[in-house]
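Trainee: Sharing work_19.pdb, PDB, C-alpha atoms and all ligand atoms:
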MODEL        1
ATOM      1  CA  ALA G   1      17.654   0.125  28.332
ATOM      2  CA  LYS G   2      20.414   1.782  30.344
ATOM      3  CA  GLU G   3      22.887  -0.424  32.131
ATOM      4  CA  ARG G   4      24.933   0.235  35.221
ATOM      5  CA  ARG G   5      28.704  -0.297  35.090
ATOM      6  CA  ASP G   6      28.377  -3.598  36.870
ATOM      7  CA  GLY G   7      26.245  -4.840  33.995
ATOM      8  CA  ARG G   8      22.962  -5.103  35.836
ATOM      9  CA  PRO G   9      20.128  -2.985  34.471
ATOM     10  CA  ALA G  10      19.687   0.326  36.275
ATOM     11  CA  VAL G  11      16.656   0.347  38.458
ATOM     12  CA  TYR G  12      14.398   3.060  37.299
ATOM     13  CA  ASP G  13      11.101   3.345  39.023
ATOM     14  CA  PRO G  14       9.040   5.885  37.102
ATOM     15  CA  SER G  15       6.416   6.138  39.823
ATOM     16  CA  LEU G  16       9.103   7.085  42.318
ATOM     17  CA  HIS G  17      10.463   9.660  39.923
ATOM     18  CA  HIS G  18       7.014  11.174  39.543
ATOM     19  CA  GLU G  19       6.481  11.197  43.274
ATOM     20  CA  LEU G  20       9.710  13.055  43.794
ATOM     21  CA  LEU G  21       8.995  15.543  41.046
ATOM     22  CA  ASP G  22       5.490  15.989  42.336
ATOM     23  CA  ARG G  23       6.740  16.605  45.819
ATOM     24  CA  MET G  24       9.278  19.139  44.521
ATOM     25  CA  THR G  25       6.718  21.068  42.509
ATOM     26  CA  LEU G  26       4.282  21.019  45.416
ATOM     27  CA  GLU G  27       7.001  22.408  47.629
ATOM     28  CA  SER G  28       7.829  25.299  45.305
ATOM     29  CA  ASP G  29       4.127  25.868  44.649
ATOM     30  CA  LEU G  30       3.552  26.129  48.388
ATOM     31  CA  ARG G  31       6.365  28.630  48.721
ATOM     32  CA  ARG G  32       4.717  30.738  46.058
ATOM     33  CA  ALA G  33       1.262  30.218  47.550
ATOM     34  CA  LEU G  34       2.460  31.682  50.849
ATOM     35  CA  ILE G  35       3.874  34.746  49.102
ATOM     36  CA  ASP G  36       0.804  35.208  46.901
ATOM     37  CA  GLN G  37      -1.532  34.633  49.872
ATOM     38  CA  GLU G  38      -3.235  31.768  48.104
ATOM     39  CA  LEU G  39      -4.020  29.895  51.330
ATOM     40  CA  GLU G  40      -7.361  30.299  53.066
ATOM     41  CA  VAL G  41      -8.753  29.505  56.478
ATOM     42  CA  HIS G  42     -11.988  27.598  56.917
ATOM     43  CA  TYR G  43     -13.865  27.147  60.173
ATOM     44  CA  GLN G  44     -15.730  24.182  61.615
ATOM     45  CA  PRO G  45     -18.274  24.798  64.393
ATOM     46  CA  THR G  46     -18.189  23.145  67.836
ATOM     47  CA  TYR G  47     -21.341  22.657  69.916
ATOM     48  CA  MET G  48     -22.308  21.925  73.509
ATOM     49  CA  LEU G  49     -23.720  18.405  73.527
ATOM     50  CA  ASP G  50     -26.373  19.097  76.179
ATOM     51  CA  SER G  51     -27.799  22.413  74.972
ATOM     52  CA  GLY G  52     -26.797  22.353  71.317
ATOM     53  CA  GLU G  53     -25.302  25.807  71.766
ATOM     54  CA  LEU G  54     -22.649  26.962  69.271
ATOM     55  CA  VAL G  55     -19.537  27.544  71.388
ATOM     56  CA  GLY G  56     -16.546  27.644  69.123
ATOM     57  CA  VAL G  57     -14.858  27.074  65.811
ATOM     58  CA  GLU G  58     -11.712  25.286  64.698
ATOM     59  CA  ALA G  59      -9.583  27.014  62.091
ATOM     60  CA  LEU G  60      -8.465  24.651  59.315
ATOM     61  CA  VAL G  61      -6.096  25.756  56.570
ATOM     62  CA  ARG G  62      -7.146  25.316  52.933
ATOM     63  CA  TRP G  63      -5.141  25.495  49.731
ATOM     64  CA  PRO G  64      -7.122  26.039  46.565
ATOM     65  CA  HIS G  65      -4.323  25.271  44.104
ATOM     66  CA  PRO G  66      -4.829  27.029  40.740
ATOM     67  CA  GLU G  67      -4.266  23.796  38.760
ATOM     68  CA  ARG G  68      -4.701  20.922  41.182
ATOM     69  CA  GLY G  69      -7.818  22.127  42.959
ATOM     70  CA  MET G  70      -8.022  21.750  46.744
ATOM     71  CA  VAL G  71      -4.848  20.210  48.124
ATOM     72  CA  PRO G  72      -5.639  18.605  51.506
ATOM     73  CA  PRO G  73      -3.708  19.818  54.591
ATOM     74  CA  ASP G  74      -2.671  16.232  55.283
ATOM     75  CA  VAL G  75      -0.559  16.578  52.128
ATOM     76  CA  PHE G  76       0.903  20.079  52.418
ATOM     77  CA  VAL G  77       1.181  20.611  56.190
ATOM     78  CA  PRO G  78       3.835  17.852  56.454
ATOM     79  CA  ILE G  79       5.737  19.470  53.553
ATOM     80  CA  ALA G  80       5.554  22.801  55.362
ATOM     81  CA  GLU G  81       6.842  21.142  58.527
ATOM     82  CA  GLN G  82       9.777  19.516  56.743
ATOM     83  CA  THR G  83      10.821  22.677  54.928
ATOM     84  CA  GLY G  84      10.373  25.236  57.689
ATOM     85  CA  MET G  85       7.465  26.910  55.900
ATOM     86  CA  ILE G  86       5.219  25.841  58.775
ATOM     87  CA  HIS G  87       6.195  28.965  60.720
ATOM     88  CA  GLU G  88       4.923  31.295  58.046
ATOM     89  CA  LEU G  89       1.884  29.096  57.397
ATOM     90  CA  GLY G  90       1.175  29.049  61.127
ATOM     91  CA  ARG G  91       1.474  32.820  61.454
ATOM     92  CA  PHE G  92      -0.932  33.240  58.549
ATOM     93  CA  VAL G  93      -3.577  30.924  60.038
ATOM     94  CA  LEU G  94      -3.233  32.408  63.528
ATOM     95  CA  SER G  95      -3.524  36.013  62.394
ATOM     96  CA  GLN G  96      -6.506  35.216  60.156
ATOM     97  CA  ALA G  97      -8.208  33.280  62.948
ATOM     98  CA  CYS G  98      -7.670  35.955  65.610
ATOM     99  CA  ALA G  99      -8.793  38.775  63.321
ATOM    100  CA  GLN G 100     -11.868  36.762  62.347
ATOM    101  CA  GLY G 101     -12.568  35.861  65.975
ATOM    102  CA  GLN G 102     -12.492  39.526  66.930
ATOM    103  CA  GLU G 103     -14.786  40.385  64.015
ATOM    104  CA  TRP G 104     -17.306  37.819  65.283
ATOM    105  CA  ALA G 105     -16.964  39.155  68.841
ATOM    106  CA  GLU G 106     -17.835  42.650  67.636
ATOM    107  CA  LEU G 107     -20.653  41.413  65.430
ATOM    108  CA  SER G 108     -22.545  39.575  68.117
ATOM    109  CA  PRO G 109     -22.180  40.139  71.839
ATOM    110  CA  PHE G 110     -24.535  37.182  72.415
ATOM    111  CA  VAL G 111     -22.164  34.482  71.214
ATOM    112  CA  ASP G 112     -18.707  34.238  72.781
ATOM    113  CA  LEU G 113     -17.038  32.012  70.255
ATOM    114  CA  THR G 114     -13.826  30.236  71.088
ATOM    115  CA  VAL G 115     -11.362  29.999  68.199
ATOM    116  CA  SER G 116      -9.092  26.928  68.024
ATOM    117  CA  VAL G 117      -5.935  26.901  65.947
ATOM    118  CA  ASN G 118      -3.844  23.829  65.115
ATOM    119  CA  VAL G 119      -0.205  24.210  65.996
ATOM    120  CA  SER G 120       2.590  21.845  64.994
ATOM    121  CA  VAL G 121       5.381  20.756  67.350
ATOM    122  CA  LYS G 122       7.885  22.562  65.132
ATOM    123  CA  GLN G 123       6.168  25.868  65.904
ATOM    124  CA  LEU G 124       6.121  25.190  69.632
ATOM    125  CA  GLN G 125       9.819  24.473  69.654
ATOM    126  CA  ARG G 126      10.637  27.862  68.229
ATOM    127  CA  ARG G 127      11.753  30.467  70.717
ATOM    128  CA  GLU G 128       9.781  33.319  69.165
ATOM    129  CA  PHE G 129       6.482  31.468  69.111
ATOM    130  CA  VAL G 130       4.994  32.733  72.395
ATOM    131  CA  ALA G 131       5.877  36.339  71.573
ATOM    132  CA  GLU G 132       4.361  35.946  68.104
ATOM    133  CA  VAL G 133       1.077  34.673  69.514
ATOM    134  CA  GLN G 134       1.029  37.488  72.065
ATOM    135  CA  GLU G 135       1.651  40.063  69.338
ATOM    136  CA  THR G 136      -1.057  38.578  67.105
ATOM    137  CA  LEU G 137      -3.565  38.726  69.962
ATOM    138  CA  ARG G 138      -2.616  42.327  70.705
ATOM    139  CA  GLU G 139      -2.900  43.392  67.079
ATOM    140  CA  SER G 140      -6.276  41.750  66.602
ATOM    141  CA  GLY G 141      -7.730  42.658  69.978
ATOM    142  CA  PHE G 142      -8.976  39.080  70.351
ATOM    143  CA  PRO G 143      -9.057  38.041  74.052
ATOM    144  CA  PRO G 144      -6.421  35.400  74.925
ATOM    145  CA  GLN G 145      -9.058  33.529  76.973
ATOM    146  CA  ARG G 146     -10.963  32.799  73.778
ATOM    147  CA  LEU G 147      -8.010  31.348  71.891
ATOM    148  CA  VAL G 148      -7.305  27.606  72.029
ATOM    149  CA  LEU G 149      -4.107  26.106  70.631
ATOM    150  CA  GLU G 150      -4.509  22.494  69.503
ATOM    151  CA  MET G 151      -1.475  20.241  69.548
ATOM    152  CA  THR G 152      -0.987  16.492  69.294
ATOM    153  CA  GLU G 153       0.106  14.172  72.067
ATOM    154  CA  SER G 154       3.613  13.977  70.618
ATOM    155  CA  ILE G 155       4.418  17.241  72.433
ATOM    156  CA  LEU G 156       4.004  15.428  75.734
ATOM    157  CA  VAL G 157       7.025  13.253  75.053
ATOM    158  CA  SER G 158       9.260  15.442  72.895
ATOM    159  CA  ASP G 159      11.652  18.050  74.243
ATOM    160  CA  THR G 160       9.635  18.375  77.411
ATOM    161  CA  GLU G 161      11.601  21.246  78.948
ATOM    162  CA  THR G 162      11.033  23.695  76.094
ATOM    163  CA  ILE G 163       7.455  22.589  75.588
ATOM    164  CA  LEU G 164       6.634  22.854  79.274
ATOM    165  CA  ARG G 165       8.078  26.361  79.460
ATOM    166  CA  THR G 166       6.087  27.361  76.376
ATOM    167  CA  LEU G 167       2.818  25.927  77.661
ATOM    168  CA  ARG G 168       3.276  27.662  81.003
ATOM    169  CA  ALA G 169       3.756  30.971  79.216
ATOM    170  CA  PHE G 170       0.459  30.422  77.390
ATOM    171  CA  LYS G 171      -1.254  29.537  80.646
ATOM    172  CA  GLU G 172      -0.075  32.840  82.109
ATOM    173  CA  MET G 173      -1.440  34.694  79.093
ATOM    174  CA  GLY G 174      -4.804  32.955  79.484
ATOM    175  CA  VAL G 175      -4.532  31.044  76.199
ATOM    176  CA  ARG G 176      -5.906  27.511  76.511
ATOM    177  CA  ILE G 177      -4.302  24.281  75.332
ATOM    178  CA  ALA G 178      -6.083  21.316  73.732
ATOM    179  CA  ILE G 179      -4.564  17.904  73.085
ATOM    180  CA  ASP G 180      -5.684  16.930  69.584
ATOM    181  CA  ASP G 181      -6.389  13.364  68.367
ATOM    182  CA  PHE G 182      -6.253  12.261  71.992
ATOM    183  CA  GLY G 183      -5.859   8.511  72.472
ATOM    184  CA  THR G 184      -3.995   7.849  69.223
ATOM    185  CA  GLY G 185      -0.555   8.717  70.589
ATOM    186  CA  TYR G 186       1.625   7.198  73.218
ATOM    187  CA  SER G 187       1.563   9.733  76.002
ATOM    188  CA  SER G 188       1.675   8.578  79.555
ATOM    189  CA  LEU G 189      -0.826   9.780  82.088
ATOM    190  CA  SER G 190       1.829  11.343  84.267
ATOM    191  CA  TYR G 191       2.927  13.587  81.417
ATOM    192  CA  LEU G 192      -0.628  14.651  80.819
ATOM    193  CA  HIS G 193      -0.946  15.421  84.509
ATOM    194  CA  ASN G 194       2.223  17.533  84.541
ATOM    195  CA  PHE G 195       1.392  19.653  81.521
ATOM    196  CA  PRO G 196      -0.935  22.664  81.781
ATOM    197  CA  VAL G 197      -3.533  21.226  79.425
ATOM    198  CA  ASP G 198      -7.180  22.386  79.401
ATOM    199  CA  ILE G 199      -8.977  20.300  76.791
ATOM    200  CA  LEU G 200      -8.885  16.747  75.426
ATOM    201  CA  LYS G 201     -10.113  16.243  71.887
ATOM    202  CA  ILE G 202     -11.253  12.661  71.424
ATOM    203  CA  ASP G 203     -10.020  11.361  68.095
ATOM    204  CA  ARG G 204     -12.472  10.604  65.321
ATOM    205  CA  SER G 205     -11.316   6.979  65.138
ATOM    206  CA  PHE G 206     -12.873   6.341  68.578
ATOM    207  CA  VAL G 207     -16.045   8.289  67.822
ATOM    208  CA  GLU G 208     -16.458   6.293  64.593
ATOM    209  CA  ARG G 209     -16.804   3.128  66.650
ATOM    210  CA  LEU G 210     -19.698   4.448  68.731
ATOM    211  CA  SER G 211     -22.197   2.345  66.850
ATOM    212  CA  GLY G 212     -24.962   2.278  69.392
ATOM    213  CA  THR G 213     -24.459  -1.314  70.499
ATOM    214  CA  GLY G 214     -22.399  -0.082  73.419
ATOM    215  CA  ALA G 215     -19.620  -2.560  72.700
ATOM    216  CA  GLU G 216     -17.120   0.030  71.616
ATOM    217  CA  GLU G 217     -17.931   2.682  74.172
ATOM    218  CA  SER G 218     -15.335   1.836  76.748
ATOM    219  CA  LEU G 219     -12.463   3.716  75.109
ATOM    220  CA  VAL G 220     -14.412   6.955  74.825
ATOM    221  CA  GLU G 221     -15.751   6.436  78.318
ATOM    222  CA  THR G 222     -12.215   6.052  79.644
ATOM    223  CA  ILE G 223     -11.096   9.280  77.999
ATOM    224  CA  VAL G 224     -14.125  11.212  79.268
ATOM    225  CA  HIS G 225     -13.523   9.934  82.796
ATOM    226  CA  LEU G 226      -9.852  10.788  82.533
ATOM    227  CA  GLY G 227     -10.848  14.283  81.482
ATOM    228  CA  ARG G 228     -13.168  14.629  84.430
ATOM    229  CA  THR G 229     -10.534  13.358  86.862
ATOM    230  CA  LEU G 230      -7.964  15.842  85.566
ATOM    231  CA  LYS G 231     -10.602  18.611  85.354
ATOM    232  CA  LEU G 232     -10.278  18.923  81.586
ATOM    233  CA  GLU G 233     -12.967  19.667  79.028
ATOM    234  CA  THR G 234     -13.653  16.917  76.514
ATOM    235  CA  ILE G 235     -14.522  17.524  72.874
ATOM    236  CA  ALA G 236     -15.404  14.675  70.527
ATOM    237  CA  GLU G 237     -14.442  15.118  66.870
ATOM    238  CA  GLY G 238     -15.840  13.553  63.722
ATOM    239  CA  ILE G 239     -19.500  13.102  64.693
ATOM    240  CA  GLU G 240     -21.368  11.924  61.608
ATOM    241  CA  GLN G 241     -24.375  10.076  63.036
ATOM    242  CA  PRO G 242     -27.069  10.936  65.592
ATOM    243  CA  GLU G 243     -26.424   7.659  67.489
ATOM    244  CA  GLN G 244     -22.942   8.911  68.262
ATOM    245  CA  ILE G 245     -24.404  12.039  69.859
ATOM    246  CA  HIS G 246     -26.628   9.976  72.145
ATOM    247  CA  ALA G 247     -23.724   7.797  73.213
ATOM    248  CA  LEU G 248     -21.420  10.773  73.831
ATOM    249  CA  ARG G 249     -24.063  12.568  75.886
ATOM    250  CA  ARG G 250     -24.635   9.466  77.957
ATOM    251  CA  LEU G 251     -20.889   9.137  78.538
ATOM    252  CA  GLY G 252     -20.692  12.745  79.728
ATOM    253  CA  CYS G 253     -18.694  14.273  76.899
ATOM    254  CA  GLU G 254     -19.255  18.042  76.847
ATOM    255  CA  GLN G 255     -18.683  19.263  73.315
ATOM    256  CA  ALA G 256     -18.688  17.917  69.801
ATOM    257  CA  GLN G 257     -17.889  18.726  66.215
ATOM    258  CA  GLY G 258     -18.296  16.802  62.990
ATOM    259  CA  TYR G 259     -19.999  16.681  59.629
ATOM    260  CA  HIS G 260     -23.305  15.931  61.370
ATOM    261  CA  PHE G 261     -23.231  19.434  62.899
ATOM    262  CA  GLY G 262     -21.373  21.232  60.150
ATOM    263  CA  ARG G 263     -18.446  20.857  57.789
ATOM    264  CA  PRO G 264     -15.555  23.302  57.755
ATOM    265  CA  GLY G 265     -16.498  26.297  55.634
ATOM    266  CA  PRO G 266     -15.555  29.902  54.908
ATOM    267  CA  ALA G 267     -15.955  32.443  57.725
ATOM    268  CA  GLU G 268     -19.244  33.703  56.259
ATOM    269  CA  THR G 269     -20.985  30.404  56.945
ATOM    270  CA  VAL G 270     -20.132  30.760  60.644
ATOM    271  CA  THR G 271     -21.306  34.371  60.591
ATOM    272  CA  GLN G 272     -24.662  33.163  59.242
ATOM    273  CA  LEU G 273     -24.847  30.530  61.983
ATOM    274  CA  MET G 274     -24.106  33.143  64.642
ATOM    275  CA  LEU G 275     -26.689  35.574  63.372
ATOM    276  CA  ALA G 276     -29.268  32.777  63.301
ATOM    277  CA  THR G 277     -28.373  31.911  66.910
ATOM    278  CA  ALA G 278     -28.579  35.538  68.028
ATOM    279  CA  ALA G 279     -31.982  35.960  66.388
ATOM    280  CA  ARG G 280     -33.491  33.092  68.342
TER
HETATM  281  P1  LIG I 301      -7.441  17.657  62.813
HETATM  282  O1  LIG I 301      -6.875  18.797  63.593
HETATM  283  O2  LIG I 301      -7.682  16.406  63.564
HETATM  284  O3  LIG I 301      -8.764  18.225  62.154
HETATM  285  C1  LIG I 301      -9.939  17.479  61.944
HETATM  286  C2  LIG I 301     -10.029  16.988  60.526
HETATM  287  O4  LIG I 301     -11.179  16.133  60.400
HETATM  288  C3  LIG I 301     -10.247  18.096  59.507
HETATM  289  O5  LIG I 301      -9.643  17.669  58.289
HETATM  290  C4  LIG I 301     -11.758  18.128  59.365
HETATM  291  O6  LIG I 301     -12.199  18.685  58.142
HETATM  292  C5  LIG I 301     -12.083  16.662  59.449
HETATM  293  N1  LIG I 301     -13.424  16.404  59.956
HETATM  294  C6  LIG I 301     -14.198  17.157  60.756
HETATM  295  N2  LIG I 301     -15.369  16.568  61.026
HETATM  296  C7  LIG I 301     -15.361  15.387  60.364
HETATM  297  C8  LIG I 301     -16.307  14.309  60.239
HETATM  298  O7  LIG I 301     -17.403  14.316  60.790
HETATM  299  N3  LIG I 301     -15.932  13.252  59.475
HETATM  300  C9  LIG I 301     -14.728  13.203  58.835
HETATM  301  N4  LIG I 301     -14.459  12.135  58.091
HETATM  302  N5  LIG I 301     -13.820  14.196  58.939
HETATM  303  C10 LIG I 301     -14.128  15.271  59.692
HETATM  304  P2  LIG I 301      -8.694  18.640  57.445
HETATM  305  O8  LIG I 301      -9.257  20.031  57.438
HETATM  306  O9  LIG I 301      -8.464  17.970  56.140
HETATM  307  O10 LIG I 301      -7.367  18.684  58.286
HETATM  308  C11 LIG I 301      -6.561  17.553  58.443
HETATM  309  C12 LIG I 301      -5.466  17.796  59.444
HETATM  310  O11 LIG I 301      -4.534  18.768  58.970
HETATM  311  C13 LIG I 301      -5.968  18.351  60.776
HETATM  312  O12 LIG I 301      -6.474  17.296  61.569
HETATM  313  C14 LIG I 301      -4.709  18.973  61.323
HETATM  314  O13 LIG I 301      -3.906  17.997  61.957
HETATM  315  C15 LIG I 301      -4.013  19.469  60.066
HETATM  316  N6  LIG I 301      -4.252  20.915  59.909
HETATM  317  C16 LIG I 301      -5.307  21.553  59.366
HETATM  318  N7  LIG I 301      -5.147  22.890  59.421
HETATM  319  C17 LIG I 301      -3.962  23.114  60.029
HETATM  320  C18 LIG I 301      -3.215  24.298  60.392
HETATM  321  O14 LIG I 301      -3.640  25.460  60.189
HETATM  322  N8  LIG I 301      -2.008  24.098  60.995
HETATM  323  C19 LIG I 301      -1.513  22.847  61.264
HETATM  324  N9  LIG I 301      -0.310  22.745  61.868
HETATM  325  N10 LIG I 301      -2.174  21.736  60.942
HETATM  326  C20 LIG I 301      -3.386  21.856  60.335
HETATM  327 CA    CA I 302      -7.433  19.872  65.405
HETATM  328 CA    CA I 303      -8.275  14.347  64.457
HETATM  329 CA    CA I 304      -4.502  16.147  63.752
ENDMDL
END
Represent the structure contained in this file as structure tokens.
Ligand code: C2E
Ligand code: CA
Ligand code: CA
Ligand code: CA

Mentor:
Amino acid sequence: AKERRDGRPAVYDPSLHHELLDRMTLESDLRRALIDQELEVHYQPTYMLDSGELVGVEALVRWPHPERGMVPPDVFVPIAEQTGMIHELGRFVLSQACAQGQEWAELSPFVDLTVSVNVSVKQLQRREFVAEVQETLRESGFPPQRLVLEMTESILVSDTETILRTLRAFKEMGVRIAIDDFGTGYSSLSYLHNFPVDILKIDRSFVERLSGTGAEESLVETIVHLGRTLKLETIAEGIEQPEQIHALRRLGCEQAQGYHFGRPGPAETVTQLMLATAAR
């Protein structure tokens, strides 16, 4: 075995080495994937809890890697954020989502689908971001009022001046803002009050605990009430069981998404859903 100059054996952790290599190949693979347009956008439906009406979709990026199979966004989005590729990734998802949203709008005048796009803090902090969104909307013809940008609570405490200016610009355009994974962060209520936010998305970890016994309902109830007080829409994510729907309805939550209603899928699956709705 190799020895260091001080005589102690060199610490070589093969798993660490592999992790690093893996991370480096993933990074260069992602760079190539962006150039080769290997990424795709899937869409998960959102429904009104009272009427069961299909009201929107959330765009979720997918990477079908030629050798590794599907790489989850939880793995490659952070890499994109750390390397600056998030801007290009974000532009790709946004332009796909707006173009698709407009296609759906033209296909069926009966369903006015909202399209939600996840946006990372890094994107928001970039000067050009507002202009890019505006340009994408113009190019696609998709109405700003039907676009929702989802961002996590961390924006409420980071670089507030820039973020506030950016969110106000979106408000003026008519684009709506959702706070994603709400309740998992550390935002204070006053921040939430000061920011032009339109929607609270209740994190899946809270919805998971809606077992039906009522014991774990208070957190969700608090968020729904907060939403009502601040005149915000509430959307619950990660609904997997019917009991959760009953609880959420009772608590006054307005919209929901989750595997129970539909998994994220290619645009065509949403088109089928829409056509089925329109035919009713
Ligand atoms: P998120 O924004 O909180 O998205 C919800 C995640 O929960 C999605 O995972 C979705 O597939 C999953 N999900 C939906 N319903 C259920 C359910 O009933 N049960 C369970 N167990 N999971 C459910 P996904 O697609 O793997 O995305 C993970 C995260 O990656 C997203 O969390 C979001 O933070 C990020 N992400 C995805 N697409 C983009 C993107 O285009 N841009 C950025 N910046 N981030 C993205
Ligand atoms: Ca989201
Ligand atoms: Ca979430
Ligand atoms: Ca998230």

Trainee: List, as number ranges by chain, every residue that the PyMOL selection byres (((chain G and resi 166) around 9) and not hetatm) selects in the file provided.

Mentor: G: 124-125, 127, 129-130, 161-165, 167-171

Trainee: Can you translate the PyMOL selection byres (((chain G and resi 18-23) around 12) and not hetatm) into the concrete residues it hits in this file, as a list in words?

Mentor: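 On the file shown, the PyMOL selection byres (((chain G and resi 18-23) around 12) and not hetatm) covers Tyr12, Asp13, Pro14, Ser15, Leu16, His17, Met24, Thr25, Leu26, Glu27, Ser28, Asp29, Leu30, Arg68, Val75, Phe76, Pro78, Ile79, Ala80, Gln82 and Thr83 of chain G.
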
Trainee: Any chance you could tabulate, as a tab-separated table, the residues of stretch 94-196 of chain G at most 10 Å from stretch 41-48 of chain G with each one's nearest atom pair and distance in Å to one decimal, using only C-alpha atoms, in chain and rising number order?

Mentor:
residue	atom	partner	partner_atom	distance
G:Leu94	CA	G:Val41	CA	9.4
G:Gln96	CA	G:Val41	CA	7.2
G:Ala97	CA	G:Val41	CA	7.5
G:Gln100	CA	G:Val41	CA	9.8
G:Leu113	CA	G:Thr46	CA	9.3
G:Thr114	CA	G:Thr46	CA	8.9
G:Val115	CA	G:Tyr43	CA	8.9
G:Ser116	CA	G:Tyr43	CA	9.2
G:Val117	CA	G:Tyr43	CA	9.8

Trainee: Take the residues that were just selected and, keeping C-alpha atoms, output them as a PDB file, in the frame of the given file.

Mentor:
ATOM      1  CA  LEU G  94      -3.233  32.408  63.528  1.00  0.00           C
ATOM      2  CA  GLN G  96      -6.506  35.216  60.156  1.00  0.00           C
ATOM      3  CA  ALA G  97      -8.208  33.280  62.948  1.00  0.00           C
ATOM      4  CA  GLN G 100     -11.868  36.762  62.347  1.00  0.00           C
ATOM      5  CA  LEU G 113     -17.038  32.012  70.255  1.00  0.00           C
ATOM      6  CA  THR G 114     -13.826  30.236  71.088  1.00  0.00           C
ATOM      7  CA  VAL G 115     -11.362  29.999  68.199  1.00  0.00           C
ATOM      8  CA  SER G 116      -9.092  26.928  68.024  1.00  0.00           C
ATOM      9  CA  VAL G 117      -5.935  26.901  65.947  1.00  0.00           C
TER      10      VAL G 117
END

Trainee: Write out as a list of chain:residue names the residues lying within 12 Å of G:Val111, counting all atoms listed in the file and excluding same-chain residues fewer than 6 positions away.

Mentor: G:Tyr47, G:Glu53, G:Leu54, G:Val55, G:Gly56, G:Val57, G:Gly101, G:Gln102, G:Glu103, G:Trp104, G:Ala105, G:Arg146, G:Val270, G:Thr271, G:Leu273, G:Met274, G:Leu275, G:Ala276, G:Thr277, G:Ala278, G:Ala279, G:Arg280

Trainee: For ligand CA 303 (chain I), list the contacting residues at 10 Å or closer, counting only C-alpha atoms and all ligand atoms, as a list in words.

Mentor: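 Protein and nucleic-acid residues within 10 Å of ligand CA 303 (chain I): Thr152, Asp180, Asp181, Phe182, Thr184, Lys201, Ile202, Asp203, Arg204, Ser205, Ala236, Glu237 and Gly238 of chain G.
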
Trainee: Might I get the box with edges along x, y and z of the file that holds all atoms of stretch 71-75 of chain G listed there, padded by 5 Å on every side, given as centre and edge lengths in Å to one decimal, as JSON?

Mentor:
{"center_x": -3.1, "center_y": 18.2, "center_z": 51.7, "size_x": 15.1, "size_y": 14.0, "size_z": 17.2}

Trainee: Between G:Glu216, G:Glu268, G:Glu150, G:Glu132, which one has atoms that come closest to ligand CA 302 (chain I), using only C-alpha atoms and all ligand atoms?

Mentor: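 Distance minimum relative to ligand CA 302 (chain I) lands on G:Glu150.
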
Trainee: Atom CA of G:Ile179 to atom CA of G:Phe110: how many Å, to one decimal?

Mentor: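 Distance between the two atoms: 27.8 Å.
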
Trainee: As an exercise, work out the distance from atom CA of G:Ala256 to atom CA of G:Glu172 in Å and give it to one decimal place.

Mentor: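 Distance between the two atoms: 26.8 Å.
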
Trainee: Could you pull the residues within 6 Å of stretch 185-200 of chain G, counting all atoms listed in the file, minus those fewer than 3 positions along the same chain, as a list of chain:residue names?

Mentor: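 Within the cut-off, the hits are G:Glu153, G:Ile177, G:Ala178, G:Ile179, G:Leu232, G:Glu233, G:Thr234.
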
Trainee: Give the residue list for ligand LIG 301 (chain I) at 6 Å, counting all atoms listed in the file, as number ranges by chain, sorted by chain and then by residue number.

Mentor: G: 60-61, 72-74, 77, 90, 93, 118-120, 181, 238-240, 258-259, 264

Trainee: With distances taken over only C-alpha atoms and all ligand atoms, which residue among G:Leu34, G:Arg228, G:Cys98, G:Met151 lies nearest ligand CA 302 (chain I)?

Mentor: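 Looking only at the distances to ligand CA 302 (chain I), the closest residue turns out to be G:Met151.
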
Trainee: Using Å and a single decimal, report how far atom CA of G:Ser95 sits from atom CA of G:Val133.

Mentor: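 Going from atom CA of G:Val133 over to atom CA of G:Ser95 covers 8.6 Å.
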
Trainee: Please identify all polymer residues within 10 Å of stretch 217-223 of chain G, counting all atoms listed in the file, omitting same-chain residues fewer than 3 positions from it, and present them as a list of chain:residue names.

Mentor: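 Everything that qualifies: G:Phe182, G:Gly183, G:Leu200, G:Lys201, G:Ile202, G:Asp203, G:Phe206, G:Val207, G:Arg209, G:Leu210, G:Ser211, G:Gly212, G:Thr213, G:Gly214, G:Leu226, G:Gly227, G:Arg228, G:Thr229, G:Thr234, G:Ala236, G:Gln244, G:Ala247, G:Leu248, G:Arg250, G:Leu251, G:Gly252, G:Cys253.
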